[in-house]
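As structure tokens, the structure follows; a few thoughts come after it.
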Amino acid sequence: MNTNKIINFFFEIATLRRLTRSHRQVIAEVSDNISDHSFRVAIIGMILAELEKCDNSKVMKMCLFHDVAEARIGDANFINQQYVDLREDEARDDQMDGLPIANEVDKFLKEYEQRKSKEAIVSKDADLLDQMILQQEYFYKDNKNGRIWHNHTERSLKTESAKVLAKKIRESNPFEWLYKMAEEKTGTDIKR
């Protein structure tokens, strides 16, 4: 066991919470980071895997690790990707080299990138649904731009469950969960 490699990897993973997502370039007041995103994607993936009746453990692992290389290459948005060779595979291989989970992570991330298995498709849909949730939060009062971003993201969804959830995300108020909880706890209606 290479404890130095393992501990250094833990510290490297911790940097993901300080790596702001790159859509900040075009969307003001963005506060999410790669660590937040991966956590949410894993939870969405677990639920989506249950709905789609596939291996939720495998989906969660794909979701948790899908952006791990960004600790080294950064989070490239659509604009960046048009001009930069990110070498994500090389970064991830270097990160994983010597870790006891290297073979497993390499195997399921290659599967994720190929998008042929049900689990890989569900994992990518979870990634896209998280993006739609963020878009709904950012653009809730900006229907025109929100619709454009949602349409672009939604076109990439593959599973029926993700498509149903995407439609509901489009129609939802990002604060409705809070209003519902307050109504249930206080027994009063909140005017909307």
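Simple scheme: letters A, B, ... for chains in structure tokens order, numbers from 1 for residues in each chain, numbers from 1 for ligands in the order shown.
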
May I have the residues within 10 Å of Asn56 in chain A as a list in words, using only C-alpha atoms and disregarding those fewer than 2 positions away in the same chain? Ala42, Ile43, Gly45, Met46, Ile47, Leu48, Ala49, Glu50, Leu51, Glu52, Lys53, Cys54, Lys58, Val59, Met60, Lys61, Met62, Glu119, Val122 and Ser123 of chain A

Can those selected residues be exported to a file as a CSV table (one decimal), in the first residue's frame so that it contains N, CA and C atoms?
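New file again-v2.csv:
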```csv
chain,number,residue,atom,x,y,z
A,42,ALA,N,-24.1,12.1,-8.4
A,42,ALA,CA,-24.1,10.7,-7.8
A,42,ALA,C,-25.5,10.4,-7.2
A,43,ILE,N,-26.1,11.4,-6.5
A,43,ILE,CA,-27.4,11.2,-6.0
A,43,ILE,C,-28.4,11.1,-7.1
A,45,GLY,N,-27.9,10.1,-10.1
A,45,GLY,CA,-27.6,8.8,-10.7
A,45,GLY,C,-28.1,7.7,-10.0
A,46,MET,N,-28.0,7.6,-8.7
A,46,MET,CA,-28.6,6.5,-7.9
A,46,MET,C,-30.1,6.4,-8.1
A,47,ILE,N,-30.8,7.5,-8.0
A,47,ILE,CA,-32.2,7.5,-8.2
A,47,ILE,C,-32.6,7.1,-9.6
A,48,LEU,N,-31.9,7.7,-10.6
A,48,LEU,CA,-32.2,7.4,-12.0
A,48,LEU,C,-31.9,5.9,-12.3
A,49,ALA,N,-30.8,5.3,-11.7
A,49,ALA,CA,-30.5,3.9,-11.8
A,49,ALA,C,-31.7,3.0,-11.3
A,50,GLU,N,-32.3,3.4,-10.2
A,50,GLU,CA,-33.4,2.7,-9.7
A,50,GLU,C,-34.6,2.8,-10.6
A,51,LEU,N,-34.8,4.0,-11.2
A,51,LEU,CA,-35.9,4.1,-12.1
A,51,LEU,C,-35.7,3.3,-13.4
A,52,GLU,N,-34.5,3.3,-13.8
A,52,GLU,CA,-34.1,2.6,-15.1
A,52,GLU,C,-33.7,1.1,-14.9
A,53,LYS,N,-33.8,0.7,-13.6
A,53,LYS,CA,-33.5,-0.7,-13.2
A,53,LYS,C,-32.1,-1.2,-13.7
A,54,CYS,N,-31.1,-0.5,-13.3
A,54,CYS,CA,-29.8,-0.9,-13.6
A,54,CYS,C,-28.9,-0.8,-12.3
A,58,LYS,N,-22.7,0.9,-9.5
A,58,LYS,CA,-21.9,1.2,-10.7
A,58,LYS,C,-22.1,2.6,-11.2
A,59,VAL,N,-23.4,3.0,-11.3
A,59,VAL,CA,-23.8,4.3,-11.7
A,59,VAL,C,-23.2,5.4,-10.7
A,60,MET,N,-23.4,5.1,-9.4
A,60,MET,CA,-22.8,6.1,-8.5
A,60,MET,C,-21.3,6.3,-8.6
A,61,LYS,N,-20.6,5.2,-8.8
A,61,LYS,CA,-19.2,5.3,-9.0
A,61,LYS,C,-18.8,6.1,-10.2
A,62,MET,N,-19.5,5.8,-11.3
A,62,MET,CA,-19.2,6.6,-12.5
A,62,MET,C,-19.5,8.0,-12.3
A,119,GLU,N,-25.7,1.5,-17.6
A,119,GLU,CA,-25.2,2.3,-16.5
A,119,GLU,C,-24.5,3.6,-17.0
A,122,VAL,N,-27.2,6.1,-18.1
A,122,VAL,CA,-27.8,6.6,-17.0
A,122,VAL,C,-26.9,7.6,-16.3
A,123,SER,N,-25.6,7.3,-16.2
A,123,SER,CA,-24.7,8.2,-15.5
A,123,SER,C,-24.6,9.6,-16.3
```

Show me, as a tab-separated table, the residues of range 23-77 of chain A having an atom within 12 Å of range 85-89 of chain A, each with the closest atom pair and its distance in Å, using only C-alpha atoms.
```
residue	atom	partner	partner_atom	distance
A:His66	CA	A:Glu88	CA	10.6
A:Asp67	CA	A:Glu88	CA	9.3
A:Val68	CA	A:Glu88	CA	9.4
A:Ala69	CA	A:Glu88	CA	6.0
A:Glu70	CA	A:Glu88	CA	7.7
A:Ala71	CA	A:Glu88	CA	10.2
A:Arg72	CA	A:Glu88	CA	8.4
A:Ile73	CA	A:Leu86	CA	6.3
A:Gly74	CA	A:Leu86	CA	8.6
A:Asp75	CA	A:Leu86	CA	9.6
A:Ala76	CA	A:Leu86	CA	8.2
A:Asn77	CA	A:Leu86	CA	11.3
```

Could you write those residues out with C-alpha atoms, as a PDB file, in the first residue's frame?
```pdb
ATOM      1  CA  HIS A  66     -16.731  11.347 -13.997  1.00  0.00           C
ATOM      2  CA  ASP A  67     -15.001  14.717 -13.461  1.00  0.00           C
ATOM      3  CA  VAL A  68     -12.070  13.642 -11.259  1.00  0.00           C
ATOM      4  CA  ALA A  69      -9.485  14.602 -13.908  1.00  0.00           C
ATOM      5  CA  GLU A  70     -10.690  18.198 -13.679  1.00  0.00           C
ATOM      6  CA  ALA A  71      -8.526  18.541 -10.566  1.00  0.00           C
ATOM      7  CA  ARG A  72      -5.657  18.601 -13.091  1.00  0.00           C
ATOM      8  CA  ILE A  73      -7.134  19.905 -16.327  1.00  0.00           C
ATOM      9  CA  GLY A  74      -9.755  22.303 -14.970  1.00  0.00           C
ATOM     10  CA  ASP A  75     -13.403  22.528 -15.959  1.00  0.00           C
ATOM     11  CA  ALA A  76     -13.536  23.408 -19.634  1.00  0.00           C
ATOM     12  CA  ASN A  77     -16.799  24.884 -20.835  1.00  0.00           C
TER      13      ASN A  77
END
```

Taking only range 30-129 of chain A into account, list the residues labelled helix (DSSP H, G or I) by DSSP (computed from the backbone), as an NGL selection string. :A and (34-52 or 56-65 or 70-73 or 78-81 or 88-96 or 102-114 or 118-129)

For those residues, write C-alpha atoms to a file as a JSON list (two decimals), in the first residue's frame.
```json
[["chain", "number", "residue", "atom", "x", "y", "z"],
["A", 34, "ILE", "CA", -16.81, 20.43, -9.26],
["A", 35, "SER", "CA", -17.13, 18.69, -5.90],
["A", 36, "ASP", "CA", -20.72, 19.93, -5.43],
["A", 37, "HIS", "CA", -21.56, 18.86, -8.96],
["A", 38, "SER", "CA", -20.14, 15.34, -8.59],
["A", 39, "PHE", "CA", -22.00, 14.81, -5.31],
["A", 40, "ARG", "CA", -25.33, 15.89, -6.82],
["A", 41, "VAL", "CA", -24.74, 13.83, -9.97],
["A", 42, "ALA", "CA", -24.10, 10.72, -7.82],
["A", 43, "ILE", "CA", -27.39, 11.18, -5.96],
["A", 44, "ILE", "CA", -29.32, 11.86, -9.17],
["A", 45, "GLY", "CA", -27.58, 8.84, -10.71],
["A", 46, "MET", "CA", -28.58, 6.53, -7.87],
["A", 47, "ILE", "CA", -32.24, 7.53, -8.20],
["A", 48, "LEU", "CA", -32.16, 7.38, -12.00],
["A", 49, "ALA", "CA", -30.52, 3.91, -11.84],
["A", 50, "GLU", "CA", -33.40, 2.68, -9.68],
["A", 51, "LEU", "CA", -35.95, 4.13, -12.12],
["A", 52, "GLU", "CA", -34.13, 2.58, -15.08],
["A", 56, "ASN", "CA", -26.99, 1.83, -8.98],
["A", 57, "SER", "CA", -23.63, 1.13, -7.30],
["A", 58, "LYS", "CA", -21.87, 1.20, -10.66],
["A", 59, "VAL", "CA", -23.77, 4.32, -11.70],
["A", 60, "MET", "CA", -22.84, 6.11, -8.47],
["A", 61, "LYS", "CA", -19.17, 5.28, -8.97],
["A", 62, "MET", "CA", -19.25, 6.57, -12.54],
["A", 63, "CYS", "CA", -20.99, 9.73, -11.37],
["A", 64, "LEU", "CA", -18.59, 10.37, -8.49],
["A", 65, "PHE", "CA", -15.51, 9.96, -10.66],
["A", 70, "GLU", "CA", -10.69, 18.20, -13.68],
["A", 71, "ALA", "CA", -8.53, 18.54, -10.57],
["A", 72, "ARG", "CA", -5.66, 18.60, -13.09],
["A", 73, "ILE", "CA", -7.13, 19.90, -16.33],
["A", 78, "PHE", "CA", -18.09, 24.71, -24.41],
["A", 79, "ILE", "CA", -15.99, 27.71, -25.46],
["A", 80, "ASN", "CA", -12.75, 26.28, -24.01],
["A", 81, "GLN", "CA", -13.35, 22.87, -25.55],
["A", 88, "GLU", "CA", -8.22, 14.10, -19.77],
["A", 89, "ASP", "CA", -7.21, 10.43, -20.13],
["A", 90, "GLU", "CA", -3.57, 11.25, -19.41],
["A", 91, "ALA", "CA", -4.50, 13.35, -16.38],
["A", 92, "ARG", "CA", -6.74, 10.61, -14.98],
["A", 93, "ASP", "CA", -4.14, 7.89, -15.65],
["A", 94, "ASP", "CA", -1.53, 9.94, -13.79],
["A", 95, "GLN", "CA", -3.94, 10.56, -10.91],
["A", 96, "MET", "CA", -4.88, 6.90, -10.53],
["A", 102, "ALA", "CA", -6.97, 2.42, -10.24],
["A", 103, "ASN", "CA", -8.09, -0.59, -12.28],
["A", 104, "GLU", "CA", -11.71, -0.35, -11.17],
["A", 105, "VAL", "CA", -11.92, 3.41, -11.79],
["A", 106, "ASP", "CA", -10.24, 3.07, -15.19],
["A", 107, "LYS", "CA", -12.64, 0.29, -16.19],
["A", 108, "PHE", "CA", -15.87, 2.07, -15.28],
["A", 109, "LEU", "CA", -14.75, 5.48, -16.60],
["A", 110, "LYS", "CA", -13.88, 3.95, -19.98],
["A", 111, "GLU", "CA", -17.32, 2.38, -19.95],
["A", 112, "TYR", "CA", -18.81, 5.77, -19.03],
["A", 113, "GLU", "CA", -17.06, 7.48, -21.93],
["A", 114, "GLN", "CA", -18.19, 4.86, -24.46],
["A", 118, "LYS", "CA", -27.20, 1.12, -19.50],
["A", 119, "GLU", "CA", -25.19, 2.32, -16.50],
["A", 120, "ALA", "CA", -23.03, 4.64, -18.61],
["A", 121, "ILE", "CA", -26.09, 6.13, -20.31],
["A", 122, "VAL", "CA", -27.84, 6.62, -16.96],
["A", 123, "SER", "CA", -24.69, 8.24, -15.50],
["A", 124, "LYS", "CA", -24.46, 10.73, -18.36],
["A", 125, "ASP", "CA", -28.17, 11.50, -18.03],
["A", 126, "ALA", "CA", -27.58, 12.18, -14.32],
["A", 127, "ASP", "CA", -24.81, 14.62, -15.28],
["A", 128, "LEU", "CA", -27.15, 16.38, -17.71],
["A", 129, "LEU", "CA", -30.05, 16.49, -15.22]]
```

Gly146 in chain A surroundings by only C-alpha atoms, 8 Å radius, close-in-sequence under 6 positions cut, as a list in words: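 Non-adjacent residues within range: Gln135, Gln136, Tyr138, Phe139 and Tyr140 of chain A.
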
Report as a list in words all protein, DNA and RNA residues lying within 9 Å of Pro174 in chain A, evaluated on only C-alpha atoms, omitting residues in the same chain fewer than 2 positions from it.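 Here the answer would be Ile133, Gln136, Glu137, Tyr140, Ile169, Ser172, Glu176, Trp177 and Leu178 of chain A.
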
Can I get the selection written as a PDB file, in the first residue's frame, with N, CA and C atoms?
```pdb
ATOM      1  N   ILE A 133     -30.869  21.257 -13.540  1.00  0.00           N
ATOM      2  CA  ILE A 133     -31.263  21.810 -12.238  1.00  0.00           C
ATOM      3  C   ILE A 133     -30.537  23.134 -12.003  1.00  0.00           C
ATOM      4  N   GLN A 136     -32.028  25.768 -14.173  1.00  0.00           N
ATOM      5  CA  GLN A 136     -33.321  26.231 -13.651  1.00  0.00           C
ATOM      6  C   GLN A 136     -33.106  27.206 -12.502  1.00  0.00           C
ATOM      7  N   GLU A 137     -32.125  26.921 -11.657  1.00  0.00           N
ATOM      8  CA  GLU A 137     -31.820  27.844 -10.560  1.00  0.00           C
ATOM      9  C   GLU A 137     -31.302  29.175 -11.096  1.00  0.00           C
ATOM     10  N   TYR A 140     -34.235  30.905 -13.587  1.00  0.00           N
ATOM     11  CA  TYR A 140     -35.648  30.754 -13.214  1.00  0.00           C
ATOM     12  C   TYR A 140     -36.498  31.935 -13.683  1.00  0.00           C
ATOM     13  N   ILE A 169     -38.357  19.355 -14.304  1.00  0.00           N
ATOM     14  CA  ILE A 169     -37.389  20.381 -13.902  1.00  0.00           C
ATOM     15  C   ILE A 169     -37.731  21.698 -14.584  1.00  0.00           C
ATOM     16  N   SER A 172     -40.532  23.540 -12.862  1.00  0.00           N
ATOM     17  CA  SER A 172     -40.462  23.669 -11.408  1.00  0.00           C
ATOM     18  C   SER A 172     -39.851  24.978 -10.933  1.00  0.00           C
ATOM     19  N   GLU A 176     -39.716  25.440  -4.528  1.00  0.00           N
ATOM     20  CA  GLU A 176     -40.966  24.755  -4.178  1.00  0.00           C
ATOM     21  C   GLU A 176     -40.763  23.763  -3.031  1.00  0.00           C
ATOM     22  N   TRP A 177     -39.631  23.070  -2.999  1.00  0.00           N
ATOM     23  CA  TRP A 177     -39.372  22.115  -1.913  1.00  0.00           C
ATOM     24  C   TRP A 177     -39.440  22.810  -0.548  1.00  0.00           C
ATOM     25  N   LEU A 178     -38.924  24.041  -0.487  1.00  0.00           N
ATOM     26  CA  LEU A 178     -38.905  24.803   0.754  1.00  0.00           C
ATOM     27  C   LEU A 178     -40.314  25.249   1.137  1.00  0.00           C
TER      28      LEU A 178
END
```
